[in-house]
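As structure tokens, the structure follows; a few thoughts come after it.
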Amino acid sequence: MKRVSLTTWILLGLVAGILFGAVVPGPAVKLAILGTIFLRLIKCIIAPLLFGTLVSGIAGAGSVKTMGRIGGKAIIYFEIVTTIALFVGLAAVNLVQPGVGVQLQKGAPPPVTQTSVGLAQILEHVVPTSIIDAMANGEVLQIVVFTFIFGAACAAIGTRARPVVAFCEALAEVMFRFTNYVMLFAPIGVFGAMAATIGEHGIRVLLSLGKLVATLWGAEIFFVVVILGSVTAIAKIPLRRFIRFAREPFLIAFSTASSEAALPVGLENMEQFGVPKHIVAFVLPTGYSFNLDGSTLYLSLASMFIAQAAGAHLSFGSQLLMMLTLMLTSKGIAGVPRASLVILAGTLATFRLPLEGVALIFGVDTLMDMARTSVNMLGNCLATAVVARWEGVRIPSGDDAPSAEMLSAGKR
């Protein structure tokens, strides 16, 4: 009998969690501890895995110039796709107008603190004061910056750095095996996270702001099918093979509403998909700050939803200015709890829109977070493949490609 794949087990855990949360919401809420344990196990993997894969990848590329070219192409791609995501969200909210007729509760305190993020703050936050501190706090972008420079130094030194590079290669292999062990707990963690979410919020949340949630989910699906689908076709990426390798990190991101939970699996699967290690190790973590497709789409939709609920009529020029503001302020927010809500609160204050709107959508934010986080992960997986194709890498398709199981066996 064919062995049940991990993806199938995760999907079963997802469905079982939804049913358990709906039937017995009280006990289901207490199962949040299962999801928390799974996320903590995943987070302890990220720093050593990034360090090992990125140092060995950059040193293997053999040229700082090569990595600079890859980084430039990645940033160009990130900016184009996230800008499209902003306008997809803007078009969806103007077409459906989910905020019309919704009454804001005046005086309700927003559940997040208003903030203003400037370019200087973003640039300062990118540079770590201590790599140990960055690893301890899970600052992905800071880890990438330090490791990029460290790997470039190893590449410049050459053979004298070979022991360090060999250690990093071994570290990456060990952490991938560590990831395989942790992923055995994934179906249980997904079950607990989903059961707690449904048990706490219930179906009533969907009914109260169902139009907003449906608009966001519809816009995210449109973005994935039309925009990312078009990118896949233009870059000539084998679609069925990409889906096979991207579905597992996508499901983990969706069910846990955490991109970090899916990062180790995404790194391993995209390398197995056929993207070179140095491209995967650089592009995927960097995308956590610069290629949040799902979150940028959500920000444009949510800000206009609140404007509609408040009865504010923004001109097309004001809407464009809001999109530009979101484009700048949404960078570098990965790793911040409820980061999208924080940025949303700052944008509302800038355009003199009521902060009570944040409190209004806070109740359904978990449901929307699942959609935007999974699209973030899918978009970043695709970004690694697009940059690889841009670099002239041939990604194997179905019949001539080794299976994930064969590649995993080779690693062992």
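Order determines the names: the first chain of the structure tokens is A, the second B, and so forth; residues in each chain are numbered 1 upward, and ligands are numbered 1 upward as they are shown.
For range 288-305 of chain A, the non-local neighbours within 6 Å, defined as residues at least 2 positions apart in the same chain or in other chains and counting only C-alpha atoms, are A:Phe78, A:Thr82, A:Ala85, A:Leu86, A:Gly89, A:Leu90, A:Val93, A:Gly99, A:Pro285, A:Thr286, A:Ala307, A:Gln308, A:Lys331, A:Gly332, A:Ala334, A:Arg372, A:Val375, A:Asn376.
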Those residues you just picked out, can you put them in a file as a PDB file, in the first residue's frame with C-alpha atoms?
ATOM      1  CA  PHE A  78       9.867  41.956  -5.642  1.00  0.00           C
ATOM      2  CA  THR A  82       4.193  43.699  -4.729  1.00  0.00           C
ATOM      3  CA  ALA A  85      -0.565  43.115  -5.422  1.00  0.00           C
ATOM      4  CA  LEU A  86      -1.353  46.572  -4.012  1.00  0.00           C
ATOM      5  CA  GLY A  89      -6.343  44.835  -3.509  1.00  0.00           C
ATOM      6  CA  LEU A  90      -7.332  48.400  -4.445  1.00  0.00           C
ATOM      7  CA  VAL A  93     -12.166  46.831  -2.570  1.00  0.00           C
ATOM      8  CA  GLY A  99     -17.074  48.642   3.912  1.00  0.00           C
ATOM      9  CA  PRO A 285      14.589  34.786   3.305  1.00  0.00           C
ATOM     10  CA  THR A 286      15.011  38.229   1.680  1.00  0.00           C
ATOM     11  CA  ALA A 307     -12.298  54.453   4.668  1.00  0.00           C
ATOM     12  CA  GLN A 308     -15.568  53.121   3.238  1.00  0.00           C
ATOM     13  CA  LYS A 331       9.044  46.793   3.808  1.00  0.00           C
ATOM     14  CA  GLY A 332      11.091  45.301   6.589  1.00  0.00           C
ATOM     15  CA  ALA A 334       8.689  40.567   8.849  1.00  0.00           C
ATOM     16  CA  ARG A 372      -2.193  36.538   3.257  1.00  0.00           C
ATOM     17  CA  VAL A 375       0.169  33.779  -0.414  1.00  0.00           C
ATOM     18  CA  ASN A 376       3.326  35.416   0.966  1.00  0.00           C
TER      19      ASN A 376
END
Using only C-alpha atoms, find each residue in range 288-397 of chain A having at least one atom no more than 12 Å away from range 223-241 of chain A; report its shortest atom-to-atom pair and that distance in Å (one decimal), rows by chain then rising number, as JSON lines.
{"residue": "A:Asp293", "atom": "CA", "partner": "A:Phe223", "partner_atom": "CA", "distance": 8.8}
{"residue": "A:Gly294", "atom": "CA", "partner": "A:Phe223", "partner_atom": "CA", "distance": 8.6}
{"residue": "A:Ser295", "atom": "CA", "partner": "A:Phe223", "partner_atom": "CA", "distance": 11.9}
{"residue": "A:Thr296", "atom": "CA", "partner": "A:Phe223", "partner_atom": "CA", "distance": 11.6}
{"residue": "A:Leu297", "atom": "CA", "partner": "A:Phe223", "partner_atom": "CA", "distance": 8.9}
{"residue": "A:Tyr298", "atom": "CA", "partner": "A:Phe223", "partner_atom": "CA", "distance": 11.4}
{"residue": "A:Ala371", "atom": "CA", "partner": "A:Val224", "partner_atom": "CA", "distance": 10.9}
{"residue": "A:Arg372", "atom": "CA", "partner": "A:Phe223", "partner_atom": "CA", "distance": 10.9}
{"residue": "A:Ser374", "atom": "CA", "partner": "A:Val224", "partner_atom": "CA", "distance": 10.4}
{"residue": "A:Val375", "atom": "CA", "partner": "A:Val224", "partner_atom": "CA", "distance": 7.3}
{"residue": "A:Asn376", "atom": "CA", "partner": "A:Val224", "partner_atom": "CA", "distance": 10.2}
{"residue": "A:Met377", "atom": "CA", "partner": "A:Val224", "partner_atom": "CA", "distance": 11.3}
{"residue": "A:Leu378", "atom": "CA", "partner": "A:Val224", "partner_atom": "CA", "distance": 8.4}
{"residue": "A:Gly379", "atom": "CA", "partner": "A:Leu228", "partner_atom": "CA", "distance": 7.3}
{"residue": "A:Asn380", "atom": "CA", "partner": "A:Leu228", "partner_atom": "CA", "distance": 10.6}
{"residue": "A:Cys381", "atom": "CA", "partner": "A:Leu228", "partner_atom": "CA", "distance": 10.9}
{"residue": "A:Leu382", "atom": "CA", "partner": "A:Thr232", "partner_atom": "CA", "distance": 7.7}
{"residue": "A:Ala383", "atom": "CA", "partner": "A:Val231", "partner_atom": "CA", "distance": 9.4}
{"residue": "A:Thr384", "atom": "CA", "partner": "A:Ile237", "partner_atom": "CA", "distance": 10.9}
{"residue": "A:Ala385", "atom": "CA", "partner": "A:Ile237", "partner_atom": "CA", "distance": 7.2}
{"residue": "A:Val386", "atom": "CA", "partner": "A:Ala235", "partner_atom": "CA", "distance": 6.1}
{"residue": "A:Val387", "atom": "CA", "partner": "A:Ala235", "partner_atom": "CA", "distance": 9.1}
{"residue": "A:Ala388", "atom": "CA", "partner": "A:Ala235", "partner_atom": "CA", "distance": 9.6}
{"residue": "A:Arg389", "atom": "CA", "partner": "A:Ala235", "partner_atom": "CA", "distance": 6.5}
{"residue": "A:Trp390", "atom": "CA", "partner": "A:Ala235", "partner_atom": "CA", "distance": 7.8}
{"residue": "A:Glu391", "atom": "CA", "partner": "A:Ala235", "partner_atom": "CA", "distance": 11.1}
{"residue": "A:Gly392", "atom": "CA", "partner": "A:Ala235", "partner_atom": "CA", "distance": 10.5}
{"residue": "A:Val393", "atom": "CA", "partner": "A:Ile237", "partner_atom": "CA", "distance": 10.7}
{"residue": "A:Arg394", "atom": "CA", "partner": "A:Ile237", "partner_atom": "CA", "distance": 9.1}
{"residue": "A:Ile395", "atom": "CA", "partner": "A:Ile237", "partner_atom": "CA", "distance": 7.1}
{"residue": "A:Pro396", "atom": "CA", "partner": "A:Pro238", "partner_atom": "CA", "distance": 7.6}
{"residue": "A:Ser397", "atom": "CA", "partner": "A:Pro238", "partner_atom": "CA", "distance": 5.5}
Original post:
Separation of CA of Leu31 in chain A and CA of Val15 in chain A, in Å?
Top reply: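 One can read the CA of Leu31 in chain A to CA of Val15 in chain A distance as 14.8 Å.
Nearest residue to Phe191 in chain A among A:Ile10, A:Val275, A:Met270, A:Ile70 is A:Ile10, counting only C-alpha atoms.
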**OP:** Quote the spacing between CA of Pro249 in chain A and CA of Gly218 in chain A in Å to one decimal place.
**Re:** 20.8 Å
Spatial neighbours of range 256-263 of chain A, max dist 6 Å, only C-alpha atoms, sep filter under 5 positions, as a PDB file with N, CA and C atoms, in the first residue's frame:
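As written to disk, selection_15.pdb reads:
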ATOM      1  N   LEU A  39       5.461  25.742  16.450  1.00  0.00           N
ATOM      2  CA  LEU A  39       6.089  26.982  15.996  1.00  0.00           C
ATOM      3  C   LEU A  39       7.427  27.224  16.690  1.00  0.00           C
ATOM      4  N   ILE A  42      10.032  25.047  15.115  1.00  0.00           N
ATOM      5  CA  ILE A  42      10.420  25.570  13.814  1.00  0.00           C
ATOM      6  C   ILE A  42      11.345  26.775  13.973  1.00  0.00           C
ATOM      7  N   PRO A 249       4.894  23.784   2.002  1.00  0.00           N
ATOM      8  CA  PRO A 249       5.080  25.045   2.737  1.00  0.00           C
ATOM      9  C   PRO A 249       3.859  25.950   2.687  1.00  0.00           C
ATOM     10  N   ASP A 369      -5.325  36.553   8.048  1.00  0.00           N
ATOM     11  CA  ASP A 369      -3.893  36.304   8.173  1.00  0.00           C
ATOM     12  C   ASP A 369      -3.514  34.974   7.533  1.00  0.00           C
ATOM     13  N   MET A 370      -4.381  33.979   7.650  1.00  0.00           N
ATOM     14  CA  MET A 370      -4.117  32.685   7.031  1.00  0.00           C
ATOM     15  C   MET A 370      -3.968  32.817   5.524  1.00  0.00           C
ATOM     16  N   THR A 373      -0.718  35.126   4.637  1.00  0.00           N
ATOM     17  CA  THR A 373       0.551  34.473   4.954  1.00  0.00           C
ATOM     18  C   THR A 373       0.865  33.360   3.967  1.00  0.00           C
TER      19      THR A 373
END
Original post:
Between A:Ala246, A:Leu216, A:Val127, A:Ala186, which one has atoms that come closest to Ile143 in chain A, using only C-alpha atoms?
Top reply: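 Selected residue with least distance to Ile143 in chain A: A:Val127.
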